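Student: As input, take upload.cif (mmCIF, C-alpha atoms and all ligand atoms):
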```
data_run
loop_
_atom_site.label_atom_id
_atom_site.label_comp_id
_atom_site.auth_asym_id
_atom_site.auth_seq_id
_atom_site.Cartn_x
_atom_site.Cartn_y
_atom_site.Cartn_z
CA MET A 1 0.00 0.00 0.00
CA ILE A 2 2.77 2.37 1.04
CA GLN A 3 4.61 1.49 -2.13
CA LEU A 4 1.59 2.42 -4.16
CA TYR A 5 0.83 5.50 -2.11
CA ILE A 6 4.20 7.20 -2.53
CA PRO A 7 4.21 7.22 -6.32
CA LEU A 8 0.57 8.29 -6.40
CA ASN A 9 1.25 11.07 -3.96
CA PHE A 10 4.22 12.12 -6.05
CA LEU A 11 2.04 12.08 -9.14
CA GLY A 12 -0.44 14.30 -7.32
CA VAL A 13 2.27 16.85 -6.60
CA LEU A 14 3.51 16.62 -10.17
CA TYR A 15 0.00 17.07 -11.48
CA ARG A 16 -0.51 20.18 -9.39
CA GLU A 17 2.81 21.60 -10.58
CA ILE A 18 1.98 20.95 -14.23
CA LYS A 19 -1.51 22.33 -13.85
CA GLN A 20 -0.08 25.43 -12.20
CA SER A 21 2.43 25.94 -15.00
CA LEU A 22 -0.36 25.62 -17.52
CA THR A 23 -2.41 28.21 -15.66
CA ASP A 24 0.56 30.57 -15.72
CA LEU A 25 1.04 29.87 -19.42
CA ASP A 26 -2.63 30.49 -20.00
CA LYS A 27 -2.29 33.89 -18.40
CA MET A 28 0.82 34.63 -20.40
CA PHE A 29 -0.84 33.71 -23.69
CA ALA A 30 -3.95 35.68 -22.79
CA LEU A 31 -1.71 38.67 -22.16
CA MET A 32 0.27 38.15 -25.36
CA GLU A 33 -2.96 37.86 -27.29
CA ARG A 34 -3.94 41.27 -26.02
CA GLU A 35 -0.50 42.69 -26.70
CA ARG A 36 -0.91 41.75 -30.32
CA GLU A 37 -4.12 43.74 -30.65
CA VAL A 38 -2.33 47.08 -30.81
CA ALA A 39 0.98 48.27 -32.17
CA ASP A 40 2.83 51.57 -31.97
CA LYS A 41 2.84 53.69 -35.08
CA PRO A 42 6.29 53.96 -36.64
CA GLY A 43 8.11 56.85 -34.97
CA ALA A 44 5.43 57.27 -32.28
CA LEU A 45 6.54 59.63 -29.51
CA ALA A 46 5.95 59.29 -25.79
CA LEU A 47 2.85 60.83 -24.25
CA ALA A 48 3.74 64.35 -23.10
CA LEU A 49 2.27 65.09 -19.69
CA GLY A 50 2.84 68.18 -17.59
CA PRO A 51 1.54 68.64 -14.05
CA GLY A 52 -2.26 68.88 -13.97
CA ASP A 53 -2.45 67.87 -17.63
CA ALA A 54 -3.95 64.41 -17.41
CA THR A 55 -7.46 65.04 -18.68
CA VAL A 56 -8.96 61.91 -20.22
CA ARG A 57 -11.47 62.16 -23.04
CA PHE A 58 -13.52 59.58 -24.90
CA GLU A 59 -15.03 61.17 -27.99
CA HIS A 60 -17.80 59.27 -29.79
CA VAL A 61 -16.15 55.95 -29.10
CA THR A 62 -17.62 52.90 -30.78
CA PHE A 63 -16.01 49.55 -30.15
CA ALA A 64 -16.54 45.85 -30.88
CA TYR A 65 -14.34 42.93 -29.81
CA GLU A 66 -15.81 41.01 -32.74
CA PRO A 67 -17.21 42.83 -35.77
CA ALA A 68 -20.63 41.24 -35.42
CA ARG A 69 -21.24 42.53 -31.91
CA VAL A 70 -20.82 46.20 -31.06
CA ILE A 71 -20.13 46.60 -27.34
CA LEU A 72 -19.79 50.39 -26.96
CA HIS A 73 -22.00 52.75 -28.94
CA ASP A 74 -20.95 56.37 -29.39
CA VAL A 75 -19.60 56.85 -25.87
CA SER A 76 -18.34 60.30 -24.93
CA LEU A 77 -16.98 61.22 -21.54
CA GLU A 78 -14.44 63.50 -19.94
CA ILE A 79 -12.50 63.02 -16.75
CA PRO A 80 -10.99 66.41 -15.95
CA ALA A 81 -7.45 66.19 -14.57
CA GLY A 82 -7.52 65.24 -10.91
CA LYS A 83 -11.23 64.36 -10.84
CA THR A 84 -13.07 61.06 -10.43
CA VAL A 85 -15.67 59.86 -12.89
CA ALA A 86 -17.61 56.78 -11.85
CA VAL A 87 -19.30 54.27 -14.14
CA VAL A 88 -22.18 52.13 -12.94
CA GLY A 89 -24.57 49.79 -14.70
CA PRO A 90 -25.54 46.15 -15.02
CA SER A 91 -23.07 43.37 -15.64
CA GLY A 92 -21.99 43.23 -19.27
CA SER A 93 -22.95 46.85 -19.99
CA GLY A 94 -19.38 47.69 -21.05
CA LYS A 95 -17.84 49.28 -17.95
CA SER A 96 -14.61 47.28 -17.91
CA THR A 97 -14.32 47.68 -21.67
CA LEU A 98 -13.87 51.43 -21.09
CA ALA A 99 -10.93 50.64 -18.81
CA ARG A 100 -9.38 48.20 -21.30
CA LEU A 101 -9.60 50.79 -24.07
CA LEU A 102 -8.05 53.54 -21.96
CA TYR A 103 -5.15 51.19 -21.12
CA ARG A 104 -5.00 50.50 -24.84
CA PHE A 105 -5.44 46.75 -24.80
CA TYR A 106 -7.49 47.42 -27.93
CA ASP A 107 -7.90 50.30 -30.34
CA VAL A 108 -11.30 51.89 -30.89
CA GLN A 109 -13.00 51.44 -34.24
CA GLN A 110 -14.64 54.84 -34.31
CA GLY A 111 -14.02 58.02 -32.36
CA ARG A 112 -10.95 58.66 -30.24
CA ILE A 113 -9.56 58.47 -26.74
CA SER A 114 -7.13 61.14 -25.66
CA ILE A 115 -4.98 61.93 -22.66
CA ALA A 116 -3.95 65.57 -22.31
CA GLY A 117 -5.28 66.13 -25.82
CA GLN A 118 -3.13 63.40 -27.39
CA ASP A 119 -4.82 60.52 -29.19
CA ILE A 120 -3.56 57.40 -27.40
CA ARG A 121 -3.10 55.67 -30.79
CA GLU A 122 -0.55 58.31 -31.80
CA VAL A 123 1.80 57.90 -28.82
CA THR A 124 3.69 54.86 -27.55
CA GLN A 125 1.71 52.27 -25.69
CA ALA A 126 4.43 52.06 -23.03
CA SER A 127 4.14 55.77 -22.24
CA VAL A 128 0.35 55.49 -21.93
CA ARG A 129 0.74 52.57 -19.52
CA ARG A 130 3.33 54.41 -17.48
CA ALA A 131 0.81 57.19 -16.93
CA ILE A 132 -1.91 54.81 -15.69
CA GLY A 133 -2.21 52.72 -12.56
CA ILE A 134 -4.79 49.96 -12.50
CA VAL A 135 -6.32 48.41 -9.44
CA PRO A 136 -8.19 45.54 -11.04
CA GLN A 137 -11.23 43.69 -9.80
CA ASP A 138 -9.25 40.57 -9.24
CA THR A 139 -5.56 41.16 -8.69
CA VAL A 140 -3.26 38.40 -9.84
CA LEU A 141 -0.18 38.35 -7.66
CA PHE A 142 3.18 37.08 -8.79
CA ASN A 143 4.50 33.93 -7.15
CA ASP A 144 7.07 35.99 -5.30
CA THR A 145 7.48 37.92 -2.06
CA VAL A 146 5.04 40.59 -0.85
CA GLU A 147 7.89 43.08 -1.22
CA TYR A 148 8.40 42.16 -4.87
CA ASN A 149 4.67 42.36 -5.55
CA ILE A 150 4.43 45.88 -4.17
CA ALA A 151 7.77 47.12 -5.54
CA TYR A 152 6.66 46.02 -9.01
CA GLY A 153 4.81 49.37 -9.09
CA ARG A 154 8.15 51.14 -9.23
CA PRO A 155 11.12 48.92 -9.96
CA GLY A 156 14.07 49.99 -7.85
CA ALA A 157 11.92 51.32 -5.01
CA SER A 158 13.57 51.11 -1.61
CA ARG A 159 12.23 48.97 1.22
CA ALA A 160 11.22 52.14 3.09
CA GLU A 161 9.18 53.30 0.10
CA VAL A 162 7.52 49.89 -0.19
CA GLU A 163 6.57 50.03 3.49
CA GLU A 164 5.25 53.56 3.18
CA ALA A 165 2.97 52.49 0.31
CA ALA A 166 1.85 49.44 2.28
CA ARG A 167 1.02 51.65 5.27
CA ALA A 168 -1.04 53.99 3.11
CA ALA A 169 -2.89 50.99 1.65
CA ARG A 170 -3.43 49.64 5.20
CA ILE A 171 -1.76 46.33 4.55
CA HIS A 172 1.48 46.96 6.45
CA SER A 173 0.36 45.58 9.83
CA PHE A 174 -1.03 42.48 8.17
CA ILE A 175 2.27 41.89 6.35
CA GLU A 176 4.21 42.41 9.57
CA SER A 177 2.00 39.86 11.31
CA THR A 178 3.04 37.09 8.90
CA PRO A 179 6.06 35.03 10.03
CA ARG A 180 8.34 36.19 7.22
CA GLY A 181 6.95 39.70 6.86
CA TYR A 182 7.78 41.34 3.55
CA GLN A 183 9.65 38.21 2.49
CA THR A 184 6.48 36.09 2.68
CA MET A 185 5.82 34.35 -0.61
CA VAL A 186 2.36 35.12 -1.99
CA GLY A 187 0.38 34.16 -5.06
CA GLU A 188 -0.96 30.81 -6.10
CA ARG A 189 2.05 28.98 -4.74
CA GLY A 190 2.49 31.05 -1.59
CA LEU A 191 0.34 32.56 1.11
CA LYS A 192 -3.23 32.86 -0.08
CA LEU A 193 -4.56 36.35 0.49
CA SER A 194 -8.24 37.29 0.69
CA GLY A 195 -9.78 39.39 -2.08
CA GLY A 196 -9.54 42.48 0.11
CA GLU A 197 -5.89 41.84 1.02
CA LYS A 198 -4.96 41.30 -2.62
CA GLN A 199 -6.70 44.50 -3.57
CA ARG A 200 -4.72 46.34 -0.89
CA VAL A 201 -1.47 44.96 -2.29
CA ALA A 202 -2.61 46.29 -5.68
CA ILE A 203 -3.40 49.68 -4.12
CA ALA A 204 0.05 49.78 -2.47
CA ARG A 205 1.66 48.90 -5.82
CA THR A 206 -0.28 51.69 -7.51
CA LEU A 207 0.51 54.22 -4.77
CA LEU A 208 4.18 53.43 -5.26
CA LYS A 209 3.88 53.85 -9.02
CA ASP A 210 2.18 57.20 -8.35
CA PRO A 211 0.72 57.64 -11.84
CA PRO A 212 -1.37 60.69 -12.79
CA ILE A 213 -4.24 58.46 -13.97
CA LEU A 214 -5.94 55.74 -12.00
CA ILE A 215 -8.35 53.02 -13.07
CA PHE A 216 -10.11 51.37 -10.19
CA ASP A 217 -12.27 48.37 -10.96
CA GLU A 218 -14.17 47.73 -7.78
CA ALA A 219 -14.42 44.11 -6.73
CA THR A 220 -17.84 42.60 -7.35
CA SER A 221 -17.52 40.12 -4.56
CA ALA A 222 -19.11 41.37 -1.40
CA LEU A 223 -16.60 42.31 1.25
CA ASP A 224 -17.76 42.60 4.81
CA SER A 225 -18.78 46.14 5.57
CA ALA A 226 -15.76 46.96 7.76
CA ASN A 227 -13.42 45.83 5.00
CA GLU A 228 -15.44 47.65 2.41
CA ARG A 229 -15.28 50.92 4.32
CA ALA A 230 -11.53 50.49 4.75
CA ILE A 231 -11.04 49.86 1.03
CA GLN A 232 -13.20 52.84 0.16
CA ALA A 233 -11.15 55.08 2.42
CA GLU A 234 -7.94 53.80 0.84
CA LEU A 235 -9.35 54.31 -2.59
CA LYS A 236 -10.36 57.84 -1.75
CA SER A 237 -6.90 58.77 -0.56
CA ALA A 238 -5.29 56.99 -3.54
CA ALA A 239 -7.53 58.92 -5.95
CA GLN A 240 -6.74 62.28 -4.38
CA ASN A 241 -5.69 64.63 -7.20
CA LYS A 242 -5.51 61.79 -9.71
CA THR A 243 -7.60 61.52 -12.83
CA THR A 244 -9.67 58.50 -11.85
CA LEU A 245 -11.97 56.19 -13.76
CA LEU A 246 -13.90 54.31 -11.11
CA ILE A 247 -15.86 51.27 -12.21
CA ALA A 248 -18.25 50.79 -9.37
CA HIS A 249 -20.45 47.93 -8.30
CA ARG A 250 -21.59 49.59 -5.11
CA LEU A 251 -23.32 52.94 -5.31
CA SER A 252 -21.96 53.96 -1.92
CA THR A 253 -18.52 54.39 -3.55
CA VAL A 254 -19.66 56.86 -6.18
CA ILE A 255 -21.50 59.50 -4.15
CA ASP A 256 -18.61 61.99 -4.23
CA ALA A 257 -17.65 61.45 -7.88
CA HIS A 258 -17.34 64.52 -10.08
CA GLU A 259 -19.69 62.78 -12.51
CA ILE A 260 -21.49 59.43 -12.52
CA LEU A 261 -22.21 57.68 -15.80
CA VAL A 262 -24.95 55.07 -15.92
CA MET A 263 -24.34 52.52 -18.66
CA ASP A 264 -26.72 50.07 -20.20
CA ALA A 265 -25.95 47.80 -23.15
CA GLY A 266 -22.92 49.86 -24.19
CA ARG A 267 -24.60 53.25 -24.03
CA ILE A 268 -24.49 56.03 -21.45
CA ILE A 269 -28.13 56.40 -20.53
CA GLU A 270 -27.79 58.92 -17.69
CA ARG A 271 -25.06 61.17 -16.35
CA GLY A 272 -24.66 63.69 -13.56
CA THR A 273 -23.71 64.04 -9.94
CA HIS A 274 -25.29 61.84 -7.29
CA GLN A 275 -27.74 64.61 -6.33
CA GLN A 276 -28.61 65.43 -9.92
CA LEU A 277 -29.26 61.79 -10.73
CA LEU A 278 -31.42 61.30 -7.65
CA ALA A 279 -33.44 64.40 -8.54
CA ARG A 280 -33.91 63.08 -12.05
CA GLY A 281 -35.77 60.05 -10.76
CA GLY A 282 -34.47 57.73 -13.50
CA ARG A 283 -32.46 54.53 -13.53
CA TYR A 284 -29.83 55.69 -11.05
CA ALA A 285 -32.51 56.83 -8.61
CA GLN A 286 -34.15 53.40 -8.94
CA MET A 287 -30.85 51.62 -8.31
CA TRP A 288 -30.24 53.84 -5.30
CA GLN A 289 -33.69 53.16 -3.88
CA LEU A 290 -33.31 49.45 -4.40
CA GLN A 291 -30.02 49.57 -2.56
CA GLN A 292 -31.50 51.52 0.33
CA GLN A 293 -34.42 49.11 0.60
CA SER A 294 -32.44 45.93 0.46
CA GLY A 295 -29.81 47.35 2.77
CA GLU A 296 -27.16 46.12 0.43
CA ASP A 297 -25.63 47.49 -2.74
CA ALA A 298 -27.24 46.80 -6.05
CA ALA A 299 -24.99 48.72 -8.40
P1 LIG B 301 -19.17 43.42 -15.14
O1 LIG B 301 -19.93 44.42 -14.30
O2 LIG B 301 -19.80 42.07 -15.08
O3 LIG B 301 -17.70 43.42 -14.91
P2 LIG B 301 -18.95 45.10 -17.51
O4 LIG B 301 -20.03 46.13 -17.58
O5 LIG B 301 -17.63 45.55 -17.04
O6 LIG B 301 -19.44 43.85 -16.69
P3 LIG B 301 -17.52 44.29 -19.91
O7 LIG B 301 -16.55 43.42 -19.24
O8 LIG B 301 -17.07 45.61 -20.40
O9 LIG B 301 -18.83 44.49 -18.98
O10 LIG B 301 -18.15 43.46 -21.10
C1 LIG B 301 -19.09 44.04 -22.02
C2 LIG B 301 -19.47 42.99 -23.04
O11 LIG B 301 -18.33 42.67 -23.83
C3 LIG B 301 -19.96 41.69 -22.43
O12 LIG B 301 -21.10 41.28 -23.15
C4 LIG B 301 -18.82 40.72 -22.67
O13 LIG B 301 -19.32 39.45 -22.92
C5 LIG B 301 -18.13 41.28 -23.89
N1 LIG B 301 -16.67 41.00 -23.87
C6 LIG B 301 -15.82 41.33 -22.89
N2 LIG B 301 -14.56 40.95 -23.20
C7 LIG B 301 -14.62 40.37 -24.41
C8 LIG B 301 -13.66 39.76 -25.28
N3 LIG B 301 -12.37 39.70 -24.97
N4 LIG B 301 -14.10 39.24 -26.45
C9 LIG B 301 -15.42 39.30 -26.78
N5 LIG B 301 -16.37 39.86 -26.01
C10 LIG B 301 -15.99 40.39 -24.84
#
```
Can the structure in the file be given as structure tokens, please?
Ligand code: ATP

Tutor:
Amino acid sequence: MIQLYIPLNFLGVLYREIKQSLTDLDKMFALMEREREVADKPGALALALGPGDATVRFEHVTFAYEPARVILHDVSLEIPAGKTVAVVGPSGSGKSTLARLLYRFYDVQQGRISIAGQDIREVTQASVRRAIGIVPQDTVLFNDTVEYNIAYGRPGASRAEVEEAARAARIHSFIESTPRGYQTMVGERGLKLSGGEKQRVAIARTLLKDPPILIFDEATSALDSANERAIQAELKSAAQNKTTLLIAHRLSTVIDAHEILVMDAGRIIERGTHQQLLARGGRYAQMWQLQQQSGEDAA
């Protein structure tokens, strides 16, 4: 029995290792696939950004992943430099697609997207990505130390800078409480972090990168309310003076936004501040009421 068990156990380990490598490869190919979607124009220059310049504009943007199915229809929006614009709407309405287009995973088919007045198709992709920090819905961590995962935001950052970012993202004490501290291995093959903890690592990484533009894709999974409030506070301080596109699943996060866009089936169907949208008595007001009644968020 023992003789049989050992090889089987070994096979189990081997299987997990292979499966893991395939998952990593999957991710790599998915990423490469996206990389292939866009290419720099010959001789493209870097995005030129001065202080307070980072206004983001979508002008009559129409986009389809596949020609037969248009996902965004004539979307126009402006995020003035340093302000937060929030996008809400049902699942599949195109919110994350806005983020992917701004990060230039894909090019738009009609219309244009500009940063500081420069069409993002005319400048280098690398310079666009340097200007943007993303806190995704579901952060994938590298199979490496916590320190590496945070420092990735700014290669060459000192340990003190990493800790400062971790403090601001309220993950420092948690890291310190683990036996190996900043040297703790995380990711699929290391310490498993909760959704909220992973998102804080992503916030710390982004704080360290300190980009003028921020894309925050709020996690759909319900966090407990204490965690949610903590994340919202972190988000608020991270977004201070940054041009922020906030994709929100909970209306409580968007109340202070400069403008809220309500999307449905790839179109902006309502826009305004929280107060304006409530006064309008339309879809946003309905969503808000529903949320108040149910006591939970229904964004
Ligand atoms: P959620 O709130 O669930 O995150 P969302 O509003 O962010 O949804 P998107 O992720 O922007 O929605 O997706 C909009 C539509 O585009 C969906 O119908 C989705 O199926 C489709 N879509 C997304 N990514 C791709 C892709 N790579 N190829 C083809 N279709 C896609």

Student: Within 10 Å of ligand LIG 301 (chain B), counting all atoms listed in the file, which protein or nucleic acid residues do you find, written as an NGL selection string?

Tutor: :A and (30 or 33-34 or 63-67 or 69-72 or 87-101 or 105-106 or 137 or 217-220 or 247-249 or 263-266 or 299)

Student: Let me make sure I understand: among A:Ala160, A:Val128, A:Val108, A:Val201, which one has the smallest atom-to-atom distance to A:Val56 if we use all atoms listed in the file?

Tutor: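 Of A:Ala160, A:Val128, A:Val108, A:Val201, the one nearest A:Val56, counting all atoms listed in the file, is A:Val128.
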
Student: What's the 8 Å shell around A:Asp53, counting only C-alpha atoms, without same-chain residues fewer than 4 positions away, as a ChimeraX atom specification?

Tutor: /A:49,81,116

Student: Quote the spacing between atom CA of A:Val123 and atom CA of A:Leu47 in Å to one decimal place.

Tutor: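 These two atoms are separated by 5.5 Å.
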
Student: Find the distance between atom CA of A:Pro212 and atom CA of A:Phe174 and write it in Å to one decimal.

Tutor: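 One can read the atom CA of A:Pro212 to atom CA of A:Phe174 distance as 27.8 Å.
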
Student: Given the point (-2.1, 55.9, -28.7) in the coordinates of this file, which residues lie within 10 Å, counting only C-alpha atoms, and how would they look as number ranges by chain?

Tutor: A: 38-41, 44-47, 102-104, 107, 112-115, 118-128

Student: Can you work out which one of A:Ile203, A:Ile268, A:Val61, A:Ile215 has the shortest atom-to-atom distance to A:Thr243, counting only C-alpha atoms?

Tutor: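 Among the listed residues, A:Ile215 lies closest to A:Thr243.
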
Student: Which polymer residues have any atom within 12 Å of an atom of A:Ser237, counting only C-alpha atoms, with same-chain residues fewer than 5 positions away left out, as a PDB file with C-alpha atoms, in the coordinates of the input?

Tutor:
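Now in around_23.pdb:
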```pdb
ATOM      1  CA  THR A  84     -13.070  61.060 -10.430  1.00  0.00           C
ATOM      2  CA  ALA A 165       2.970  52.490   0.310  1.00  0.00           C
ATOM      3  CA  ALA A 168      -1.040  53.990   3.110  1.00  0.00           C
ATOM      4  CA  ALA A 169      -2.890  50.990   1.650  1.00  0.00           C
ATOM      5  CA  ARG A 170      -3.430  49.640   5.200  1.00  0.00           C
ATOM      6  CA  ILE A 203      -3.400  49.680  -4.120  1.00  0.00           C
ATOM      7  CA  ALA A 204       0.050  49.780  -2.470  1.00  0.00           C
ATOM      8  CA  THR A 206      -0.280  51.690  -7.510  1.00  0.00           C
ATOM      9  CA  LEU A 207       0.510  54.220  -4.770  1.00  0.00           C
ATOM     10  CA  LEU A 214      -5.940  55.740 -12.000  1.00  0.00           C
ATOM     11  CA  ALA A 230     -11.530  50.490   4.750  1.00  0.00           C
ATOM     12  CA  ILE A 231     -11.040  49.860   1.030  1.00  0.00           C
ATOM     13  CA  GLN A 232     -13.200  52.840   0.160  1.00  0.00           C
ATOM     14  CA  LYS A 242      -5.510  61.790  -9.710  1.00  0.00           C
ATOM     15  CA  THR A 244      -9.670  58.500 -11.850  1.00  0.00           C
TER      16      THR A 244
END
```

Student: May I have the protein, DNA and RNA residues with any atom at most 10 Å from the point (8.0, 52.3, -6.4), counting only C-alpha atoms, written as a list in words?

Tutor: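 Output of the proximity query reads Ile150, Ala151, Tyr152, Gly153, Arg154, Pro155, Gly156, Ala157, Ser158, Arg159, Glu161, Val162, Ala165, Ala204, Arg205, Thr206, Leu207, Leu208, Lys209 and Asp210 of chain A.
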
Student: Which of these residues is nearest to A:Asp138, using all atoms listed in the file: A:Ser173, A:Ser194, A:Thr253, A:Asn241?

Tutor: A:Ser194

Student: Interatomic distance between atom CA of A:Ile269 and atom CA of A:Gln293?

Tutor: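 According to the coordinates, atom CA of A:Ile269 and atom CA of A:Gln293 are separated by 23.2 Å.
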
Student: Identify which of the residues A:Asp74, A:Arg57, A:Gly133, A:Glu147 lies closest to A:Ile213, counting only C-alpha atoms when measuring atom-to-atom distances.

Tutor: A:Gly133

Student: Using 5 Å of padding on each side, determine the axis-aligned box around all atoms of stretch 190-200 of chain A present in the file and give its centre and edge lengths in Å to one decimal, as AutoDock Vina command-line options.

Tutor:
```
--center_x -3.6 --center_y 38.7 --center_z -1.2 --size_x 22.3 --size_y 25.3 --size_z 14.7
```

Student: Select, from A:Val85, A:Glu197, A:Gln292, A:Leu251, the residue with the minimum atom-to-atom distance to A:His172, counting only C-alpha atoms.

Tutor: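 For A:His172, the nearest of the given residues is A:Glu197.
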